[in-house]
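Engineer: This is the structure I want to talk about, given as structure tokens.
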Protein chains: 2
Amino acid sequence: MPSEPEQGEQRRPALVPEPTLYRLPIYLTYLKLALKAGQKYVSSTKMAREMGVDPTQVTKDLGHTAIVGKTRVGYEVESLISVLETFLRFNTVEYGYLFGAGSLGTALLLDHGLAQFGFSIKAAFDINPDKVGLNIGGTTIYHLDDFGRVKKPDVKIGILTVPVDQAQCVADLMIDGGLTAIWNFTSFRIRVPDGVVVQNTSLYAHLAVIFNRLHAKE
Amino acid sequence: MPSEPEQGEQRRPALVPEPTLYRLPIYLTYLKLALKAGQKYVSSTKMAREMGVDPTQVTKDLGHTAIVGKTRVGYEVESLISVLETFLRFNTVEYGYLFGAGSLGTALLLDHGLAQFGFSIKAAFDINPDKVGLNIGGTTIYHLDDFGRVKKPDVKIGILTVPVDQAQCVADLMIDGGLTAIWNFTSFRIRVPDGVVVQNTSLYAHLAVIFNRLHAKE
């Protein structure tokens with residue numbers, strides 16, 4: 001399917017802007033809590049106010065999905081949750097592999113949160129003989145050399161949690177093995193061929209922001 | 001100290017732009033690998049090319065620090081590392097508390113990476129009787145009710161990893177207890193008084209981006 005221009009009218013646009021994709025899960029969390037509290041309908045104005053976001057932003061973000069609000073009553077909370085979960089692909093399970101079962105990798109293997117958002121780690125790979133063969137949180141750790149043998153063709157996502165000096169070579173290996181999306185938790189900027197999706201999530205860079213903001217106030 | 005306008009000439013500007021603060025740790029990682037590989041000097045052009053960033057961006061980002069490059073040879077790698085570490089406050093230890101020792105909280109307690117970037121979790125708090133009293137990765141888990149008793153006045157940062165429906169009330173409690181910076185890992189947008197620093201790190205929102213990018217290609 002070729003890429004399509006972003007249009008609010010389309011049922012599932014090919015590419016949704018990154019800031020929208022960051023905000024939609026926040027809306028989803030808000031809506032689930034509203035539903036739990038017994039709310040049936042919610043307006044974008046109310047959502048915006050309670051989340052501290054601009055109301056036109058909420059309307060625009062939701063415009064990327066197929067949902068339509070009713071004049072005066074707003075959106076039906078339950079339908080909006082279901083539309084968002086489908087739109088974000090949080091209600092189907094996507095599998096991935098993890099590379100590097102160090103402390104951060106182990107942390108992700110033990111985190112139950114990923115499953116709730118439709119992601120499951122099918123297998124992990126490491127080179128440390130003390131790790132290979134272990135089962136962490138239900139996931140088996142294989143030797144990195146066995147990736148080609150273990151890999152299933154339908155798995156496309158790889159999580160990169162290796163030491164920074166291994167990041168590029170392991171990323172190359174992931175791509176050679178057929179993975180087309182890399183969730184990079186290292187602070188190394190990997191180089192990948194066109195068409196490979198890279199999502200950088202550098203926890204430690206967020207610390208830099210906190211430190212700066214905290215001390216700038218003093 | 002009042003906020004100052006951003007100026008490259010100043011030794012430590014009060015507020016550094018967030019995108020710069022996200023990029024500087026990436027440069028630091030690159031430089032440490034370059035040093036390990038025996039490189040003594042590096043130009044911003046070379047750095048930019050190898051990291052896939054715009055060269056003027058690199059120069060501008062580094063302009064926030066006090067470092068000065070030499071014409072032709074560029075920056076001295078070792079000094080640049082030291083300047084960046086000091087600027088980002090990665091070479092001193094900042095303490096914080098963790099709220100919510102569930103799977104993500106436990107993950108952070110076990111992660112050695114934070115320590116390398118100058119952050120150490122001094123104590124954790126939870127309400128689950130099965131968790132209270134445990135020691136995870138060297139950190140004691142206290143009951144949330146004991147926060148006031150356990151808290152030291154010099155600790156300002158709190159990590160929020162509680163369930164979303166507890167996020168606001170625990171955030172309020174953190175602020176009442178004197179914390180002035182909250183690292184929010186939940187997908188709930190907490191409301192805080194002016195002057196409290198909030199850094200949102202929603203891992204699961206990044207999944208939404210990966211899923212969208214991956215399926216947009218198909």
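Residue names in the structure tokens use chain letters A, B, ... in the order shown, residue numbers from 1 in each chain, and ligand numbers from 1 in the order shown.
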Neighbouring residues of Ile121 (chain B) were defined as those with any atom within 10 Å, considering only C-alpha atoms; residues of the same chain fewer than 4 positions away were excluded. Please report them as a VMD selection string.
Structural biologist: chain B and resid 94 to 98 108 to 109 114 to 115 137 to 140 155 157 to 159
Engineer: Determine, for each residue of chain B having at least one atom at most 6 Å from an atom of chain A, the closest pair of atoms and their separation in Å to one decimal, counting only C-alpha atoms; order by chain and ascending number, as JSON lines.
Structural biologist:
```
{"residue": "B:Met1", "atom": "CA", "partner": "A:Glu218", "partner_atom": "CA", "distance": 5.8}
{"residue": "B:Ala14", "atom": "CA", "partner": "A:Ala216", "partner_atom": "CA", "distance": 4.6}
{"residue": "B:Leu15", "atom": "CA", "partner": "A:Ala216", "partner_atom": "CA", "distance": 5.9}
{"residue": "B:Leu21", "atom": "CA", "partner": "A:Val209", "partner_atom": "CA", "distance": 5.9}
{"residue": "B:Tyr22", "atom": "CA", "partner": "A:Ala205", "partner_atom": "CA", "distance": 5.0}
{"residue": "B:Pro25", "atom": "CA", "partner": "A:Ala205", "partner_atom": "CA", "distance": 5.9}
{"residue": "B:Ile26", "atom": "CA", "partner": "A:Ser187", "partner_atom": "CA", "distance": 5.2}
{"residue": "B:Met51", "atom": "CA", "partner": "A:Arg189", "partner_atom": "CA", "distance": 5.9}
{"residue": "B:Leu88", "atom": "CA", "partner": "A:Ala208", "partner_atom": "CA", "distance": 5.6}
{"residue": "B:Ser103", "atom": "CA", "partner": "A:Asp111", "partner_atom": "CA", "distance": 4.7}
{"residue": "B:Leu104", "atom": "CA", "partner": "A:Asp111", "partner_atom": "CA", "distance": 5.4}
{"residue": "B:Ala107", "atom": "CA", "partner": "A:Ala107", "partner_atom": "CA", "distance": 4.2}
{"residue": "B:Asp111", "atom": "CA", "partner": "A:Ser103", "partner_atom": "CA", "distance": 4.7}
{"residue": "B:Ser187", "atom": "CA", "partner": "A:Ile26", "partner_atom": "CA", "distance": 5.3}
{"residue": "B:Arg189", "atom": "CA", "partner": "A:Met51", "partner_atom": "CA", "distance": 5.9}
{"residue": "B:Ala205", "atom": "CA", "partner": "A:Tyr22", "partner_atom": "CA", "distance": 5.0}
{"residue": "B:Ala208", "atom": "CA", "partner": "A:Leu88", "partner_atom": "CA", "distance": 5.6}
{"residue": "B:Val209", "atom": "CA", "partner": "A:Leu21", "partner_atom": "CA", "distance": 5.9}
{"residue": "B:Ala216", "atom": "CA", "partner": "A:Ala14", "partner_atom": "CA", "distance": 4.6}
{"residue": "B:Glu218", "atom": "CA", "partner": "A:Met1", "partner_atom": "CA", "distance": 5.8}
```
Engineer: Give the alpha helix (DSSP H) residues of region 83-216 of chain A, as assigned by DSSP on the backbone, as a PDB file with C-alpha atoms, in the first residue's frame.
Structural biologist:
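After the write, result_8.pdb holds the following:
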```pdb
ATOM      1  CA  VAL A  83     -11.706   3.112  18.199  1.00  0.00           C
ATOM      2  CA  LEU A  84      -8.459   4.328  19.750  1.00  0.00           C
ATOM      3  CA  GLU A  85      -7.321   0.835  20.763  1.00  0.00           C
ATOM      4  CA  THR A  86      -7.908  -0.421  17.243  1.00  0.00           C
ATOM      5  CA  PHE A  87      -6.330   2.640  15.673  1.00  0.00           C
ATOM      6  CA  SER A 103      19.689  -4.797  33.330  1.00  0.00           C
ATOM      7  CA  LEU A 104      17.467  -2.732  31.022  1.00  0.00           C
ATOM      8  CA  GLY A 105      16.689  -5.716  28.798  1.00  0.00           C
ATOM      9  CA  THR A 106      15.786  -7.827  31.826  1.00  0.00           C
ATOM     10  CA  ALA A 107      13.637  -4.956  33.062  1.00  0.00           C
ATOM     11  CA  LEU A 108      11.645  -4.996  29.824  1.00  0.00           C
ATOM     12  CA  LEU A 109      11.281  -8.782  29.980  1.00  0.00           C
ATOM     13  CA  LEU A 110       9.785  -8.458  33.460  1.00  0.00           C
ATOM     14  CA  GLY A 113       2.959  -3.119  30.793  1.00  0.00           C
ATOM     15  CA  LEU A 114       4.046  -3.967  27.255  1.00  0.00           C
ATOM     16  CA  ALA A 115       1.500  -6.794  27.021  1.00  0.00           C
ATOM     17  CA  GLN A 116      -1.313  -4.408  27.901  1.00  0.00           C
ATOM     18  CA  PHE A 147      19.007 -15.690  15.982  1.00  0.00           C
ATOM     19  CA  GLY A 148      18.862 -16.946  12.358  1.00  0.00           C
ATOM     20  CA  ARG A 149      17.691 -20.364  13.531  1.00  0.00           C
ATOM     21  CA  VAL A 150      15.141 -19.137  16.093  1.00  0.00           C
ATOM     22  CA  ALA A 167      24.596  -1.272  19.101  1.00  0.00           C
ATOM     23  CA  GLN A 168      25.504  -0.860  15.422  1.00  0.00           C
ATOM     24  CA  CYS A 169      26.692  -4.415  14.810  1.00  0.00           C
ATOM     25  CA  VAL A 170      23.685  -5.963  16.545  1.00  0.00           C
ATOM     26  CA  ALA A 171      21.353  -3.604  14.639  1.00  0.00           C
ATOM     27  CA  ASP A 172      23.001  -4.765  11.374  1.00  0.00           C
ATOM     28  CA  LEU A 173      22.460  -8.364  12.426  1.00  0.00           C
ATOM     29  CA  MET A 174      18.785  -7.687  13.235  1.00  0.00           C
ATOM     30  CA  ILE A 175      18.252  -6.154   9.809  1.00  0.00           C
ATOM     31  CA  ASP A 176      20.130  -8.975   8.041  1.00  0.00           C
ATOM     32  CA  LEU A 203      15.590   7.054  29.152  1.00  0.00           C
ATOM     33  CA  TYR A 204      18.796   8.642  30.293  1.00  0.00           C
ATOM     34  CA  ALA A 205      18.400  11.648  28.021  1.00  0.00           C
ATOM     35  CA  HIS A 206      15.231  12.409  29.998  1.00  0.00           C
ATOM     36  CA  LEU A 207      17.370  12.599  33.133  1.00  0.00           C
ATOM     37  CA  ALA A 208      19.349  15.399  31.483  1.00  0.00           C
ATOM     38  CA  VAL A 209      16.114  17.384  31.096  1.00  0.00           C
ATOM     39  CA  ILE A 210      15.092  16.811  34.727  1.00  0.00           C
ATOM     40  CA  PHE A 211      18.527  17.820  36.064  1.00  0.00           C
ATOM     41  CA  ASN A 212      18.593  20.952  33.950  1.00  0.00           C
ATOM     42  CA  ARG A 213      15.064  22.063  34.826  1.00  0.00           C
ATOM     43  CA  LEU A 214      15.578  21.340  38.514  1.00  0.00           C
ATOM     44  CA  HIS A 215      18.815  23.275  38.810  1.00  0.00           C
ATOM     45  CA  ALA A 216      17.732  26.100  36.530  1.00  0.00           C
TER      46      ALA A 216
END
```
Engineer: What does the distance between CA of Asp146 (chain A) and CA of Thr161 (chain A) come to in Å, to one decimal place?
Structural biologist: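 Interatomic distance here is 17.5 Å.
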Engineer: Quick one: residues within 12 Å of Ser43 (chain B), only C-alpha atoms counted, chain neighbours fewer than 2 positions away excluded, as a ChimeraX atom specification?
Structural biologist: /B:31,34,39-41,45-50,55-56,58-59,62,68-77,80
Engineer: Using the selection just defined, write its residues with N, CA, C and O atoms as a CSV table (one decimal), in the first residue's frame.
Structural biologist:
```csv
chain,number,residue,atom,x,y,z
B,31,LEU,N,31.1,10.3,21.6
B,31,LEU,CA,32.5,10.7,21.9
B,31,LEU,C,33.2,9.7,22.8
B,31,LEU,O,34.4,9.5,22.6
B,34,ALA,N,34.4,7.2,20.5
B,34,ALA,CA,35.5,7.7,19.7
B,34,ALA,C,36.8,7.7,20.5
B,34,ALA,O,37.9,7.3,20.0
B,39,GLN,N,40.6,8.2,19.2
B,39,GLN,CA,40.5,9.5,18.5
B,39,GLN,C,40.8,10.6,19.5
B,39,GLN,O,40.3,10.6,20.7
B,40,LYS,N,41.7,11.6,19.1
B,40,LYS,CA,42.0,12.6,20.1
B,40,LYS,C,41.2,13.9,19.8
B,40,LYS,O,40.8,14.6,20.7
B,41,TYR,N,41.0,14.2,18.5
B,41,TYR,CA,40.2,15.3,18.1
B,41,TYR,C,39.0,14.9,17.2
B,41,TYR,O,39.1,13.9,16.5
B,45,THR,N,31.7,18.6,12.0
B,45,THR,CA,31.2,18.0,10.7
B,45,THR,C,31.3,16.5,10.8
B,45,THR,O,30.4,15.8,10.3
B,46,LYS,N,32.4,16.0,11.3
B,46,LYS,CA,32.5,14.5,11.4
B,46,LYS,C,31.5,13.9,12.3
B,46,LYS,O,30.8,12.9,12.0
B,47,MET,N,31.4,14.5,13.5
B,47,MET,CA,30.3,14.0,14.5
B,47,MET,C,29.0,14.0,13.8
B,47,MET,O,28.2,13.0,13.9
B,48,ALA,N,28.6,15.1,13.2
B,48,ALA,CA,27.3,15.2,12.5
B,48,ALA,C,27.1,14.2,11.5
B,48,ALA,O,26.1,13.5,11.5
B,49,ARG,N,28.1,14.0,10.7
B,49,ARG,CA,28.0,13.0,9.6
B,49,ARG,C,27.8,11.6,10.2
B,49,ARG,O,26.9,10.9,9.7
B,50,GLU,N,28.6,11.2,11.1
B,50,GLU,CA,28.5,9.9,11.7
B,50,GLU,C,27.3,9.6,12.5
B,50,GLU,O,26.9,8.5,12.7
B,55,PRO,N,25.2,19.4,10.8
B,55,PRO,CA,26.4,20.0,11.4
B,55,PRO,C,26.2,21.3,12.2
B,55,PRO,O,26.7,21.4,13.3
B,56,THR,N,25.3,22.2,11.6
B,56,THR,CA,25.1,23.4,12.3
B,56,THR,C,24.4,23.1,13.7
B,56,THR,O,24.5,23.8,14.6
B,58,VAL,N,24.9,20.5,15.6
B,58,VAL,CA,25.9,20.0,16.5
B,58,VAL,C,26.6,21.3,17.1
B,58,VAL,O,26.7,21.4,18.3
B,59,THR,N,27.0,22.2,16.2
B,59,THR,CA,27.7,23.4,16.7
B,59,THR,C,26.8,24.2,17.6
B,59,THR,O,27.3,24.7,18.7
B,62,LEU,N,26.4,22.3,21.0
B,62,LEU,CA,27.6,22.4,21.9
B,62,LEU,C,27.8,23.8,22.3
B,62,LEU,O,28.5,24.1,23.3
B,68,VAL,N,35.1,25.2,23.5
B,68,VAL,CA,35.5,25.9,22.3
B,68,VAL,C,36.4,25.0,21.5
B,68,VAL,O,37.3,24.4,21.9
B,69,GLY,N,36.0,24.9,20.2
B,69,GLY,CA,36.7,24.0,19.3
B,69,GLY,C,37.9,24.8,18.7
B,69,GLY,O,37.9,26.0,18.7
B,70,LYS,N,39.0,24.1,18.3
B,70,LYS,CA,40.1,24.7,17.6
B,70,LYS,C,39.9,24.6,16.1
B,70,LYS,O,39.5,23.6,15.6
B,71,THR,N,40.2,25.8,15.4
B,71,THR,CA,40.1,25.8,14.0
B,71,THR,C,40.9,24.6,13.4
B,71,THR,O,42.0,24.4,13.8
B,72,ARG,N,40.4,24.0,12.4
B,72,ARG,CA,41.0,22.9,11.7
B,72,ARG,C,41.0,21.5,12.5
B,72,ARG,O,40.5,20.5,11.9
B,73,VAL,N,41.4,21.5,13.7
B,73,VAL,CA,41.5,20.2,14.4
B,73,VAL,C,40.2,19.8,15.1
B,73,VAL,O,39.9,18.7,15.3
B,74,GLY,N,39.4,20.9,15.4
B,74,GLY,CA,38.0,20.6,16.0
B,74,GLY,C,38.1,20.5,17.5
B,74,GLY,O,39.0,21.2,18.1
B,75,TYR,N,37.3,19.7,18.1
B,75,TYR,CA,37.2,19.6,19.6
B,75,TYR,C,38.1,18.5,20.1
B,75,TYR,O,38.2,17.5,19.5
B,76,GLU,N,38.7,18.8,21.3
B,76,GLU,CA,39.5,17.7,21.9
B,76,GLU,C,38.5,16.7,22.5
B,76,GLU,O,37.7,17.2,23.4
B,77,VAL,N,38.5,15.5,22.1
B,77,VAL,CA,37.5,14.5,22.5
B,77,VAL,C,37.4,14.4,24.1
B,77,VAL,O,36.3,14.5,24.6
B,80,LEU,N,35.9,17.5,25.7
B,80,LEU,CA,34.5,17.6,25.3
B,80,LEU,C,33.6,16.7,26.2
B,80,LEU,O,32.5,17.1,26.6
```
